[in-house]
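Student: This is final08.pdb (PDB, C-alpha atoms, pLDDT in the B column).
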```
ATOM      1  CA  MET A 332      93.155 121.133 215.376  1.00 45.00           C
ATOM      2  CA  SER A 333      89.918 123.057 215.300  1.00 52.00           C
ATOM      3  CA  ASP A 334      86.637 121.228 215.875  1.00 52.00           C
ATOM      4  CA  THR A 335      85.390 122.500 212.504  1.00 56.00           C
ATOM      5  CA  ILE A 336      86.726 121.590 209.099  1.00 60.00           C
ATOM      6  CA  LYS A 337      85.071 123.828 206.537  1.00 83.00           C
ATOM      7  CA  ASN A 338      85.994 122.259 203.183  1.00 94.00           C
ATOM      8  CA  CYS A 339      86.881 118.808 201.843  1.00 95.00           C
ATOM      9  CA  SER A 340      90.509 118.455 200.804  1.00 93.00           C
ATOM     10  CA  LYS A 341      89.422 116.363 197.774  1.00 95.00           C
ATOM     11  CA  CYS A 342      86.468 118.221 196.224  1.00 96.00           C
ATOM     12  CA  GLY A 343      85.967 121.381 198.303  1.00 95.00           C
ATOM     13  CA  GLY A 344      82.549 120.292 199.617  1.00 96.00           C
ATOM     14  CA  ALA A 345      81.299 121.039 203.127  1.00 95.00           C
ATOM     15  CA  MET A 346      82.570 118.769 205.916  1.00 95.00           C
ATOM     16  CA  LYS A 347      80.390 117.412 208.717  1.00 94.00           C
ATOM     17  CA  ASP A 348      81.882 116.074 211.953  1.00 91.00           C
ATOM     18  CA  GLY A 349      81.002 112.681 213.364  1.00 90.00           C
ATOM     19  CA  ASP A 350      82.407 109.618 215.089  1.00 88.00           C
ATOM     20  CA  ILE A 351      83.592 106.201 214.010  1.00 87.00           C
ATOM     21  CA  ARG A 352      82.070 103.518 216.216  1.00 86.00           C
ATOM     22  CA  ILE A 353      81.888  99.762 216.193  1.00 86.00           C
ATOM     23  CA  ASP A 354      78.704  98.096 217.379  1.00 87.00           C
ATOM     24  CA  ILE A 355      79.192  94.720 219.019  1.00 86.00           C
ATOM     25  CA  PRO A 356      76.036  92.632 218.648  1.00 84.00           C
ATOM     26  CA  ALA A 357      74.319  91.137 221.667  1.00 76.00           C
ATOM     27  CA  SER A 358      75.841  87.851 222.745  1.00 65.00           C
ATOM     28  CA  ASN A 359      74.148  84.512 222.999  1.00 57.00           C
ATOM     29  CA  GLY A 360      75.643  84.120 226.462  1.00 52.00           C
ATOM     30  CA  ALA A 361      78.598  81.963 225.429  1.00 50.00           C
ATOM     31  CA  MET A 362      81.881  82.796 227.120  1.00 49.00           C
ATOM     32  CA  SER A 363      84.706  83.321 224.638  1.00 50.00           C
ATOM     33  CA  ALA A 364      87.738  85.517 223.995  1.00 51.00           C
ATOM     34  CA  MET A 365      85.921  87.006 220.986  1.00 53.00           C
ATOM     35  CA  ASN A 366      82.921  87.956 223.109  1.00 52.00           C
ATOM     36  CA  PRO A 367      83.823  90.962 225.275  1.00 51.00           C
ATOM     37  CA  MET A 368      80.201  91.154 226.410  1.00 48.00           C
ATOM     38  CA  SER A 369      80.665  88.061 228.577  1.00 48.00           C
ATOM     39  CA  THR A 370      83.603  89.531 230.502  1.00 49.00           C
ATOM     40  CA  PHE A 371      82.169  92.791 231.870  1.00 50.00           C
ATOM     41  CA  GLY A 372      80.751  92.291 235.329  1.00 49.00           C
ATOM     42  CA  ASN A 373      78.590  95.430 235.267  1.00 48.00           C
ATOM     43  CA  MET A 374      76.908  94.590 231.931  1.00 49.00           C
ATOM     44  CA  GLN A 375      74.023  92.196 231.602  1.00 53.00           C
ATOM     45  CA  MET A 376      74.356  89.364 229.113  1.00 58.00           C
ATOM     46  CA  GLY A 377      72.710  89.965 225.768  1.00 62.00           C
ATOM     47  CA  GLN A 378      72.995  93.774 225.717  1.00 70.00           C
ATOM     48  CA  PRO A 379      74.691  95.276 222.639  1.00 74.00           C
ATOM     49  CA  SER A 380      77.762  97.420 223.180  1.00 86.00           C
ATOM     50  CA  THR A 381      79.552 100.176 221.247  1.00 85.00           C
ATOM     51  CA  VAL A 382      83.302 100.780 221.174  1.00 86.00           C
ATOM     52  CA  TYR A 383      85.155 103.788 219.789  1.00 88.00           C
ATOM     53  CA  PRO A 384      88.564 103.296 218.145  1.00 90.00           C
ATOM     54  CA  TYR A 385      91.494 105.335 219.459  1.00 91.00           C
ATOM     55  CA  TRP A 386      95.047 106.201 218.449  1.00 92.00           C
ATOM     56  CA  GLU A 387      97.820 104.732 220.597  1.00 92.00           C
ATOM     57  CA  GLU A 388     100.997 106.750 220.144  1.00 92.00           C
ATOM     58  CA  LYS A 389     104.437 105.760 221.393  1.00 91.00           C
ATOM     59  CA  THR A 390     105.893 108.483 223.616  1.00 90.00           C
ATOM     60  CA  GLY A 391     109.564 107.526 223.323  1.00 89.00           C
ATOM     61  CA  LYS A 392     109.807 107.352 227.123  1.00 91.00           C
ATOM     62  CA  LYS A 393     110.457 104.263 229.195  1.00 89.00           C
ATOM     63  CA  GLY A 394     108.011 103.267 231.889  1.00 86.00           C
ATOM     64  CA  PHE A 395     107.422 100.240 234.103  1.00 83.00           C
ATOM     65  CA  LEU A 396     110.021  97.486 233.581  1.00 87.00           C
ATOM     66  CA  GLY A 397     111.657  99.494 230.799  1.00 87.00           C
ATOM     67  CA  ARG A 398     108.680  99.249 228.462  1.00 87.00           C
ATOM     68  CA  GLU A 399     107.956 102.162 226.151  1.00 89.00           C
ATOM     69  CA  THR A 400     104.947 104.195 227.293  1.00 92.00           C
ATOM     70  CA  THR A 401     102.055 105.196 225.052  1.00 91.00           C
ATOM     71  CA  ALA A 402      99.546 108.033 224.900  1.00 92.00           C
ATOM     72  CA  ILE A 403      95.906 107.233 224.119  1.00 93.00           C
ATOM     73  CA  LEU A 404      94.242 109.871 221.910  1.00 93.00           C
ATOM     74  CA  ASN A 405      90.636 110.050 220.668  1.00 91.00           C
ATOM     75  CA  ILE A 406      89.998 110.036 216.922  1.00 91.00           C
ATOM     76  CA  LYS A 407      87.791 112.721 215.372  1.00 89.00           C
ATOM     77  CA  THR A 408      86.290 112.165 211.929  1.00 92.00           C
ATOM     78  CA  TYR A 409      84.825 114.427 209.263  1.00 94.00           C
ATOM     79  CA  ARG A 410      82.748 113.406 206.227  1.00 95.00           C
ATOM     80  CA  CYS A 411      82.307 115.415 203.050  1.00 96.00           C
ATOM     81  CA  THR A 412      78.619 115.999 202.342  1.00 95.00           C
ATOM     82  CA  LEU A 413      79.360 116.196 198.607  1.00 97.00           C
ATOM     83  CA  CYS A 414      81.741 113.314 197.746  1.00 97.00           C
ATOM     84  CA  GLY A 415      81.581 111.249 200.978  1.00 96.00           C
ATOM     85  CA  PHE A 416      85.339 111.383 201.651  1.00 96.00           C
ATOM     86  CA  ILE A 417      86.167 110.750 205.329  1.00 95.00           C
ATOM     87  CA  GLU A 418      89.146 112.323 207.101  1.00 94.00           C
ATOM     88  CA  PHE A 419      90.513 111.182 210.462  1.00 93.00           C
ATOM     89  CA  TYR A 420      92.194 113.484 212.965  1.00 91.00           C
ATOM     90  CA  VAL A 421      93.499 112.924 216.474  1.00 89.00           C
ATOM     91  CA  LYS A 422      92.042 115.247 219.113  1.00 74.00           C
ATOM     92  CA  GLN A 423      94.819 116.555 221.312  1.00 71.00           C
TER      93      GLN A 423
END
```
For this file, produce the structure as structure tokens.
Tutor:
Amino acid sequence: MSDTIKNCSKCGGAMKDGDIRIDIPASNGAMSAMNPMSTFGNMQMGQPSTVYPYWEEKTGKKGFLGRETTAILNIKTYRCTLCGFIEFYVKQ
């Protein structure tokens, strides 16, 4: 897949590349399973964090203890500047 998508598949408008990200707000210092900020030793408490989603694809091969292995691939996104449609692609 090329790094440039020229036209929207819905309306034909120009596409602009970007990234999907999820901002995790700063913690209040409480330790919990829902608070990944409290578990990273190299991060100071209270600092916001950003995570980027990824695609986890089954490879069809068996790995350790017979478990199926997976490949982790980054997701690339494009947004139409005319209609706002967003398309997701996996960068290989």
Student: In file coordinates, which residues lie within 6 Å of (75.5, 95.1, 220.1) using all atoms listed in the file, given as an MDAnalysis selection string?
Tutor: chainID A and resid 354:357 379:380
Student: Please list, as a list in words, the residues that have an atom at most 9 Å away from (86.3, 115.4, 202.4) in the coordinates of this file, counting all atoms listed in the file.
Tutor: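 Checked against the point, the hits come out as Asn338, Cys339, Ser340, Lys341, Cys342, Gly343, Gly344, Ala345, Met346, Lys347, Tyr409, Arg410, Cys411, Thr412, Leu413, Cys414, Gly415, Phe416, Ile417 and Glu418 of chain A.
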Student: Check which residues satisfy the PyMOL selection byres ((chain A and resi 402) around 7) in the file shown, then give them as a list in words.
Tutor: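 Applying the PyMOL selection byres ((chain A and resi 402) around 7) to the structure shown produces Glu387, Glu388, Lys389, Thr390, Thr401, Ile403 and Leu404 of chain A.
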Student: With the PyMOL selection byres ((chain A and resi 420) around 7) as the selection, what would be picked from this file? Answer as a PyMOL selection string, please.
Tutor: chain A and resi 406-408+418-419+421-422
Student: Work out how far apart CA of Tyr383 in chain A and CA of Gln423 in chain A are and give it in Å to one decimal.
Tutor: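 These two atoms are separated by 16.1 Å.
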Student: So how far away is CA of Ile353 in chain A from CA of Thr381 in chain A, in Å?
Tutor: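 CA of Thr381 in chain A sits 5.6 Å away from CA of Ile353 in chain A.
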Student: Can you work out the spacing between CA of Pro384 in chain A and CA of Asp350 in chain A in Å, to one decimal?
Tutor: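 A separation of 9.3 Å between them.
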Student: Step by step, gather every atom of range 335-352 of chain A that the file lists, find the box along x, y and z that holds them, add 6 Å on each side, and finally give centre and edge lengths in Å to one decimal, as AutoDock Vina command-line options.
Tutor:
```
--center_x 85.4 --center_y 113.7 --center_z 206.2 --size_x 22.1 --size_y 32.3 --size_z 32.0
```
